[in-house]
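Q: Below is the structure I would like to discuss, written out as structure tokens.
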Amino acid sequence: MRLVRPDTKYKDSYLAAIREAQAEGRKTEFDFDLAENHFERFVRELNEHAEGKHMKEGYVPETVLWLVGGMEYIGRVSIRHRLNDHLLKLGGHIGYDIRRSMRNKGYGTMILKLALPKAKELGIERALLTCDKTNIASRKIIEKNGGVLENKGPNPEGGPDKLRFWIDIA
Ligand SMILES: CC(C)(COP(=O)(O)OP(=O)(O)OC[C@H]1O[C@@H](n2cnc3c(N)ncnc32)[C@H](O)[C@@H]1OP(=O)(O)O)[C@@H](O)C(=O)NCCC(=O)NCCS
């Protein structure tokens, strides 16, 4: 298993993962229609997120990496290069998800472990990780990777309380 830059060679597997997410009714920040219909452009734009391009107003540059095994797409991690006010309160430096069919096999724990040195390369010495209080799996992933809880608070955007953790990677 390794983290790679998004690449068109994973097209079949990535699109299968997207369909799993759609079946689950999950919203993601990525554009399903673009991926389905213009995969090359989708991948190019995803990689250009690192330069702050093709992102919503107010979003910071992020490096997107895919966890793959052979030619199989397993999950993705987004490492935001810095915190803005929203990320400091709610989103954190690093977000991840593991495709539905690959969950509960340790890959969530692995993707964060592999992402931390990449975050360090980007100059992040203390990474902020957040999760919903109800997201037991994500909490375990963060704690197994050295996350220290700073606080818990209501999410002003609604939903469960947010937990905020710091991971020292200096
Ligand atoms: C959260 C997520 C990344 C977990 O990925 P995963 O590959 O299943 O995680 P792991 O297999 O490494 O499991 C981590 C721990 O959570 C536990 N776990 C997994 N799924 C669980 C669930 N649904 N409920 C409770 N515990 C769960 C595992 O048993 C493991 O516990 P252990 O450390 O005691 O062995 C995955 O469910 C996902 O992509 N969810 C949607 C996106 C998301 O929530 N991202 C995180 C946002 S903060």
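So you can find residues: chains in the structure tokens are A, B, ... in the order shown, residues in each start at 1, and ligands are numbered from 1 in order.
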List every residue of chain A that has an atom at most 8 Å from any atom of ligand 1, and for each one report the closest atom pair and its distance in Å to one decimal, counting only C-alpha atoms and all ligand atoms, with rows sorted by chain and then by increasing residue number, as JSON lines.

A:
```
{"residue": "A:Gly75", "atom": "CA", "partner": "ligand 1", "partner_atom_place_in_ligand_line": "39 (O)", "distance": 7.5}
{"residue": "A:Gly95", "atom": "CA", "partner": "ligand 1", "partner_atom_place_in_ligand_line": "47 (C)", "distance": 5.9}
{"residue": "A:Tyr96", "atom": "CA", "partner": "ligand 1", "partner_atom_place_in_ligand_line": "45 (N)", "distance": 5.1}
{"residue": "A:Asp97", "atom": "CA", "partner": "ligand 1", "partner_atom_place_in_ligand_line": "39 (O)", "distance": 3.3}
{"residue": "A:Ile98", "atom": "CA", "partner": "ligand 1", "partner_atom_place_in_ligand_line": "39 (O)", "distance": 3.8}
{"residue": "A:Arg99", "atom": "CA", "partner": "ligand 1", "partner_atom_place_in_ligand_line": "39 (O)", "distance": 6.0}
{"residue": "A:Arg100", "atom": "CA", "partner": "ligand 1", "partner_atom_place_in_ligand_line": "39 (O)", "distance": 6.9}
{"residue": "A:Met102", "atom": "CA", "partner": "ligand 1", "partner_atom_place_in_ligand_line": "7 (O)", "distance": 6.4}
{"residue": "A:Arg103", "atom": "CA", "partner": "ligand 1", "partner_atom_place_in_ligand_line": "8 (O)", "distance": 3.5}
{"residue": "A:Asn104", "atom": "CA", "partner": "ligand 1", "partner_atom_place_in_ligand_line": "11 (O)", "distance": 3.3}
{"residue": "A:Lys105", "atom": "CA", "partner": "ligand 1", "partner_atom_place_in_ligand_line": "11 (O)", "distance": 4.1}
{"residue": "A:Gly106", "atom": "CA", "partner": "ligand 1", "partner_atom_place_in_ligand_line": "11 (O)", "distance": 3.3}
{"residue": "A:Tyr107", "atom": "CA", "partner": "ligand 1", "partner_atom_place_in_ligand_line": "7 (O)", "distance": 4.1}
{"residue": "A:Gly108", "atom": "CA", "partner": "ligand 1", "partner_atom_place_in_ligand_line": "7 (O)", "distance": 3.5}
{"residue": "A:Thr109", "atom": "CA", "partner": "ligand 1", "partner_atom_place_in_ligand_line": "12 (O)", "distance": 3.8}
{"residue": "A:Met110", "atom": "CA", "partner": "ligand 1", "partner_atom_place_in_ligand_line": "12 (O)", "distance": 6.5}
{"residue": "A:Leu129", "atom": "CA", "partner": "ligand 1", "partner_atom_place_in_ligand_line": "48 (S)", "distance": 7.5}
{"residue": "A:Thr130", "atom": "CA", "partner": "ligand 1", "partner_atom_place_in_ligand_line": "48 (S)", "distance": 5.7}
{"residue": "A:Cys131", "atom": "CA", "partner": "ligand 1", "partner_atom_place_in_ligand_line": "48 (S)", "distance": 3.9}
{"residue": "A:Asp132", "atom": "CA", "partner": "ligand 1", "partner_atom_place_in_ligand_line": "48 (S)", "distance": 6.5}
{"residue": "A:Asn135", "atom": "CA", "partner": "ligand 1", "partner_atom_place_in_ligand_line": "44 (O)", "distance": 6.5}
{"residue": "A:Ile136", "atom": "CA", "partner": "ligand 1", "partner_atom_place_in_ligand_line": "25 (C)", "distance": 4.9}
{"residue": "A:Ala137", "atom": "CA", "partner": "ligand 1", "partner_atom_place_in_ligand_line": "16 (O)", "distance": 3.3}
{"residue": "A:Ser138", "atom": "CA", "partner": "ligand 1", "partner_atom_place_in_ligand_line": "1 (C)", "distance": 4.4}
{"residue": "A:Arg139", "atom": "CA", "partner": "ligand 1", "partner_atom_place_in_ligand_line": "16 (O)", "distance": 7.6}
{"residue": "A:Lys140", "atom": "CA", "partner": "ligand 1", "partner_atom_place_in_ligand_line": "15 (C)", "distance": 5.1}
{"residue": "A:Ile141", "atom": "CA", "partner": "ligand 1", "partner_atom_place_in_ligand_line": "14 (C)", "distance": 5.1}
{"residue": "A:Lys144", "atom": "CA", "partner": "ligand 1", "partner_atom_place_in_ligand_line": "33 (O)", "distance": 7.0}
```

Q: Which of chain A end up as strand (DSSP E) when DSSP is run on this backbone - answer as a PyMOL selection string?

A: chain A and resi 2-4+62-69+72-80+94-98+126-132+148-153+162-168

Q: Which residue is closest to A:Leu83? Choose from A:Val64, A:Leu128, A:His49, A:Glu24 and count only C-alpha atoms.

A: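 With only C-alpha atoms as the atom set, the closest residue is A:Leu128.
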
Q: Rounded to one decimal place, report the atom CA of A:Asn145-atom CA of A:Lys118 distance in Å.

A: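 Separation of atom CA of A:Asn145 and atom CA of A:Lys118: 14.1 Å.
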
Q: Compile the contact shell of A:Lys53 as a ChimeraX atom specification: residues with an atom at most 12 Å away, counting only C-alpha atoms, same-chain residues fewer than 6 positions apart removed.

A: /A:44-47,59-63

Q: Any chance you can output those residues with N, CA, C and O atoms as a PDB file, in the first residue's frame?

A:
```pdb
ATOM      1  N   ARG A  44      -6.227  16.088 -13.327  1.00  0.00           N
ATOM      2  CA  ARG A  44      -5.315  17.238 -13.452  1.00  0.00           C
ATOM      3  C   ARG A  44      -5.722  18.340 -12.468  1.00  0.00           C
ATOM      4  O   ARG A  44      -4.891  18.877 -11.735  1.00  0.00           O
ATOM      5  N   GLU A  45      -7.007  18.604 -12.404  1.00  0.00           N
ATOM      6  CA  GLU A  45      -7.474  19.682 -11.518  1.00  0.00           C
ATOM      7  C   GLU A  45      -7.258  19.322 -10.047  1.00  0.00           C
ATOM      8  O   GLU A  45      -6.909  20.173  -9.227  1.00  0.00           O
ATOM      9  N   LEU A  46      -7.457  18.034  -9.716  1.00  0.00           N
ATOM     10  CA  LEU A  46      -7.233  17.583  -8.334  1.00  0.00           C
ATOM     11  C   LEU A  46      -5.781  17.822  -7.932  1.00  0.00           C
ATOM     12  O   LEU A  46      -5.488  18.317  -6.845  1.00  0.00           O
ATOM     13  N   ASN A  47      -4.868  17.496  -8.835  1.00  0.00           N
ATOM     14  CA  ASN A  47      -3.453  17.719  -8.544  1.00  0.00           C
ATOM     15  C   ASN A  47      -3.141  19.213  -8.435  1.00  0.00           C
ATOM     16  O   ASN A  47      -2.252  19.603  -7.670  1.00  0.00           O
ATOM     17  N   TYR A  59     -11.004  28.662   0.044  1.00  0.00           N
ATOM     18  CA  TYR A  59     -10.322  27.405   0.353  1.00  0.00           C
ATOM     19  C   TYR A  59      -8.810  27.584   0.221  1.00  0.00           C
ATOM     20  O   TYR A  59      -8.344  28.340  -0.633  1.00  0.00           O
ATOM     21  N   VAL A  60      -8.063  26.863   1.032  1.00  0.00           N
ATOM     22  CA  VAL A  60      -6.602  26.978   0.986  1.00  0.00           C
ATOM     23  C   VAL A  60      -6.046  25.854   0.099  1.00  0.00           C
ATOM     24  O   VAL A  60      -6.718  24.837  -0.110  1.00  0.00           O
ATOM     25  N   PRO A  61      -4.810  26.000  -0.413  1.00  0.00           N
ATOM     26  CA  PRO A  61      -4.218  24.919  -1.210  1.00  0.00           C
ATOM     27  C   PRO A  61      -4.167  23.613  -0.418  1.00  0.00           C
ATOM     28  O   PRO A  61      -3.962  23.629   0.805  1.00  0.00           O
ATOM     29  N   GLU A  62      -4.374  22.512  -1.125  1.00  0.00           N
ATOM     30  CA  GLU A  62      -4.313  21.207  -0.457  1.00  0.00           C
ATOM     31  C   GLU A  62      -3.644  20.196  -1.383  1.00  0.00           C
ATOM     32  O   GLU A  62      -3.784  20.270  -2.610  1.00  0.00           O
ATOM     33  N   THR A  63      -2.924  19.270  -0.774  1.00  0.00           N
ATOM     34  CA  THR A  63      -2.337  18.162  -1.528  1.00  0.00           C
ATOM     35  C   THR A  63      -3.260  16.956  -1.347  1.00  0.00           C
ATOM     36  O   THR A  63      -3.540  16.555  -0.216  1.00  0.00           O
TER      37      THR A  63
END
```

Q: Counting only C-alpha atoms, give me one row per residue of stretch 60-157 of chain A with an atom at most 7 Å from an atom of stretch 1-13 of chain A, showing the shortest contact pair and its distance in Å to one decimal, sorted by chain then residue number, as CSV.

A:
```
residue,atom,partner,partner_atom,distance
A:Val64,CA,A:Arg5,CA,6.9
A:Leu65,CA,A:Arg5,CA,5.0
A:Trp66,CA,A:Val4,CA,5.3
A:Leu67,CA,A:Leu3,CA,4.6
A:Val68,CA,A:Met1,CA,5.6
A:Gly69,CA,A:Met1,CA,4.6
A:Met71,CA,A:Tyr10,CA,6.0
A:Glu72,CA,A:Ser13,CA,5.6
A:Tyr73,CA,A:Ser13,CA,5.5
```

Q: At a cut-off of 10 Å, using only C-alpha atoms, what residues contact A:Pro156? Leave out same-chain residues fewer than 6 positions from it and give the result as JSON, numbers by chain.

A: {"A": [89, 90, 162]}

Q: Please dump the current selection as a PDB file, in the first residue's frame; keep N, CA, C and O atoms.

A:
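So the final result, stored in again_3.pdb, reads:
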```pdb
ATOM      1  N   LYS A  89     -11.269  25.946  13.287  1.00  0.00           N
ATOM      2  CA  LYS A  89     -12.379  25.625  14.199  1.00  0.00           C
ATOM      3  C   LYS A  89     -12.947  24.238  13.930  1.00  0.00           C
ATOM      4  O   LYS A  89     -13.317  23.517  14.857  1.00  0.00           O
ATOM      5  N   LEU A  90     -13.047  23.858  12.632  1.00  0.00           N
ATOM      6  CA  LEU A  90     -13.841  22.671  12.309  1.00  0.00           C
ATOM      7  C   LEU A  90     -13.145  21.622  11.451  1.00  0.00           C
ATOM      8  O   LEU A  90     -13.295  20.429  11.675  1.00  0.00           O
ATOM      9  N   LYS A 162     -17.985  18.581  17.613  1.00  0.00           N
ATOM     10  CA  LYS A 162     -16.694  18.324  16.962  1.00  0.00           C
ATOM     11  C   LYS A 162     -15.619  18.092  18.016  1.00  0.00           C
ATOM     12  O   LYS A 162     -15.545  18.820  19.017  1.00  0.00           O
TER      13      LYS A 162
END
```

Q: Hey, what's within 10 Å of A:Gly146 if we count only C-alpha atoms and toss same-chain stuff fewer than 3 positions away? As a PyMOL selection string, please?

A: chain A and resi 113+140-143+149+165-169

Q: Export, as an mmCIF file, in the first residue's frame, the selected residues with all heavy atoms.

A:
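Here's the written file again_21.cif:
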```cif
data_model
loop_
_atom_site.group_PDB
_atom_site.id
_atom_site.type_symbol
_atom_site.label_atom_id
_atom_site.label_comp_id
_atom_site.auth_asym_id
_atom_site.auth_seq_id
_atom_site.Cartn_x
_atom_site.Cartn_y
_atom_site.Cartn_z
ATOM 1 N N LYS A 113 -1.422 7.539 8.960
ATOM 2 C CA LYS A 113 -0.004 7.296 9.293
ATOM 3 C C LYS A 113 0.902 7.703 8.113
ATOM 4 O O LYS A 113 1.922 8.354 8.293
ATOM 5 C CB LYS A 113 0.175 5.802 9.605
ATOM 6 C CG LYS A 113 1.579 5.429 9.994
ATOM 7 C CD LYS A 113 1.594 4.013 10.559
ATOM 8 C CE LYS A 113 2.975 3.711 11.112
ATOM 9 N NZ LYS A 113 3.705 2.750 10.351
ATOM 10 N N LYS A 140 -10.695 6.845 16.689
ATOM 11 C CA LYS A 140 -9.670 5.822 16.950
ATOM 12 C C LYS A 140 -8.460 6.006 16.041
ATOM 13 O O LYS A 140 -7.315 5.854 16.460
ATOM 14 C CB LYS A 140 -10.253 4.423 16.743
ATOM 15 C CG LYS A 140 -11.162 3.984 17.872
ATOM 16 C CD LYS A 140 -11.589 2.553 17.648
ATOM 17 C CE LYS A 140 -12.264 1.976 18.867
ATOM 18 N NZ LYS A 140 -12.681 0.588 18.661
ATOM 19 N N ILE A 141 -8.736 6.318 14.782
ATOM 20 C CA ILE A 141 -7.647 6.537 13.808
ATOM 21 C C ILE A 141 -6.746 7.673 14.290
ATOM 22 O O ILE A 141 -5.520 7.561 14.282
ATOM 23 C CB ILE A 141 -8.244 6.859 12.419
ATOM 24 C CG1 ILE A 141 -8.864 5.607 11.812
ATOM 25 C CG2 ILE A 141 -7.201 7.465 11.493
ATOM 26 C CD1 ILE A 141 -9.726 5.873 10.586
ATOM 27 N N ILE A 142 -7.360 8.757 14.718
ATOM 28 C CA ILE A 142 -6.583 9.932 15.151
ATOM 29 C C ILE A 142 -5.792 9.592 16.412
ATOM 30 O O ILE A 142 -4.594 9.876 16.506
ATOM 31 C CB ILE A 142 -7.523 11.140 15.389
ATOM 32 C CG1 ILE A 142 -8.197 11.555 14.074
ATOM 33 C CG2 ILE A 142 -6.745 12.299 16.000
ATOM 34 C CD1 ILE A 142 -9.357 12.535 14.236
ATOM 35 N N GLU A 143 -6.431 8.929 17.355
ATOM 36 C CA GLU A 143 -5.736 8.641 18.620
ATOM 37 C C GLU A 143 -4.612 7.629 18.407
ATOM 38 O O GLU A 143 -3.540 7.737 19.000
ATOM 39 C CB GLU A 143 -6.751 8.157 19.666
ATOM 40 C CG GLU A 143 -7.625 9.330 20.137
ATOM 41 C CD GLU A 143 -8.625 8.984 21.215
ATOM 42 O OE1 GLU A 143 -9.045 7.808 21.264
ATOM 43 O OE2 GLU A 143 -8.979 9.894 21.994
ATOM 44 N N LEU A 149 -6.345 15.136 22.373
ATOM 45 C CA LEU A 149 -7.586 15.930 22.339
ATOM 46 C C LEU A 149 -7.363 17.307 22.939
ATOM 47 O O LEU A 149 -6.842 17.423 24.042
ATOM 48 C CB LEU A 149 -8.672 15.186 23.127
ATOM 49 C CG LEU A 149 -10.049 15.849 23.137
ATOM 50 C CD1 LEU A 149 -10.692 15.837 21.755
ATOM 51 C CD2 LEU A 149 -10.967 15.157 24.148
ATOM 52 N N PHE A 165 -8.172 17.515 17.749
ATOM 53 C CA PHE A 165 -6.957 16.870 18.242
ATOM 54 C C PHE A 165 -5.742 17.496 17.556
ATOM 55 O O PHE A 165 -5.812 17.885 16.390
ATOM 56 C CB PHE A 165 -6.923 15.387 17.848
ATOM 57 C CG PHE A 165 -8.050 14.546 18.367
ATOM 58 C CD1 PHE A 165 -9.269 14.507 17.709
ATOM 59 C CD2 PHE A 165 -7.876 13.758 19.511
ATOM 60 C CE1 PHE A 165 -10.300 13.714 18.174
ATOM 61 C CE2 PHE A 165 -8.901 12.956 19.973
ATOM 62 C CZ PHE A 165 -10.118 12.930 19.304
ATOM 63 N N TRP A 166 -4.590 17.462 18.253
ATOM 64 C CA TRP A 166 -3.320 17.866 17.634
ATOM 65 C C TRP A 166 -2.388 16.671 17.600
ATOM 66 O O TRP A 166 -2.313 15.895 18.566
ATOM 67 C CB TRP A 166 -2.663 19.000 18.422
ATOM 68 C CG TRP A 166 -3.414 20.293 18.307
ATOM 69 C CD1 TRP A 166 -4.348 20.777 19.164
ATOM 70 C CD2 TRP A 166 -3.299 21.267 17.258
ATOM 71 N NE1 TRP A 166 -4.827 21.985 18.726
ATOM 72 C CE2 TRP A 166 -4.195 22.317 17.565
ATOM 73 C CE3 TRP A 166 -2.534 21.368 16.093
ATOM 74 C CZ2 TRP A 166 -4.341 23.443 16.749
ATOM 75 C CZ3 TRP A 166 -2.683 22.489 15.288
ATOM 76 C CH2 TRP A 166 -3.577 23.516 15.613
ATOM 77 N N ILE A 167 -1.690 16.535 16.489
ATOM 78 C CA ILE A 167 -0.651 15.506 16.362
ATOM 79 C C ILE A 167 0.672 16.223 16.116
ATOM 80 O O ILE A 167 0.803 16.989 15.154
ATOM 81 C CB ILE A 167 -0.937 14.523 15.207
ATOM 82 C CG1 ILE A 167 -2.285 13.819 15.419
ATOM 83 C CG2 ILE A 167 0.197 13.501 15.084
ATOM 84 C CD1 ILE A 167 -2.643 12.831 14.314
ATOM 85 N N ASP A 168 1.626 15.938 17.007
ATOM 86 C CA ASP A 168 2.951 16.541 16.900
ATOM 87 C C ASP A 168 3.760 15.750 15.881
ATOM 88 O O ASP A 168 4.002 14.564 16.104
ATOM 89 C CB ASP A 168 3.607 16.450 18.285
ATOM 90 C CG ASP A 168 4.595 17.547 18.493
ATOM 91 O OD1 ASP A 168 5.114 18.043 17.490
ATOM 92 O OD2 ASP A 168 4.827 17.903 19.676
ATOM 93 N N ILE A 169 4.175 16.363 14.788
ATOM 94 C CA ILE A 169 4.949 15.598 13.801
ATOM 95 C C ILE A 169 6.318 16.245 13.560
ATOM 96 O O ILE A 169 7.002 15.897 12.596
ATOM 97 C CB ILE A 169 4.197 15.440 12.453
ATOM 98 C CG1 ILE A 169 3.546 16.739 11.999
ATOM 99 C CG2 ILE A 169 3.194 14.333 12.513
ATOM 100 C CD1 ILE A 169 2.846 16.628 10.655
#
```

Q: If we count only C-alpha atoms, what is near A:Pro117 at a cut-off of 12 Å, once residues fewer than 2 positions away on the same chain are taken out, given as a ChimeraX atom specification?

A: /A:3,79,111-115,119-127,145,167-170

Q: Take atom CA of A:Glu51 and atom CA of A:Ser78 and report the distance between them in Å, one decimal.

A: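 The value is 13.3 Å.
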
Q: Using the chain letters and numbers from this document, which residues of stretch 2-141 of chain A does DSSP assign to helix (DSSP H, G or I), as a PyMOL selection string?

A: chain A and resi 8-23+32-37+39-51+85-91+100-102+107-121+136-141

Q: So the first atom is atom CA of A:Phe39 and the second is atom CA of A:Ile94; what is the distance between them in Å, to one decimal place?

A: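 For atom CA of A:Phe39 relative to atom CA of A:Ile94, the distance reads 24.1 Å.
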
Q: Please determine, counting only C-alpha atoms, which residue among A:Tyr14, A:Lys56, A:Leu116, A:Gly147 has the shortest atom-to-atom distance to A:Glu36.

A: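 Closest to A:Glu36, using only C-alpha atoms: A:Tyr14.
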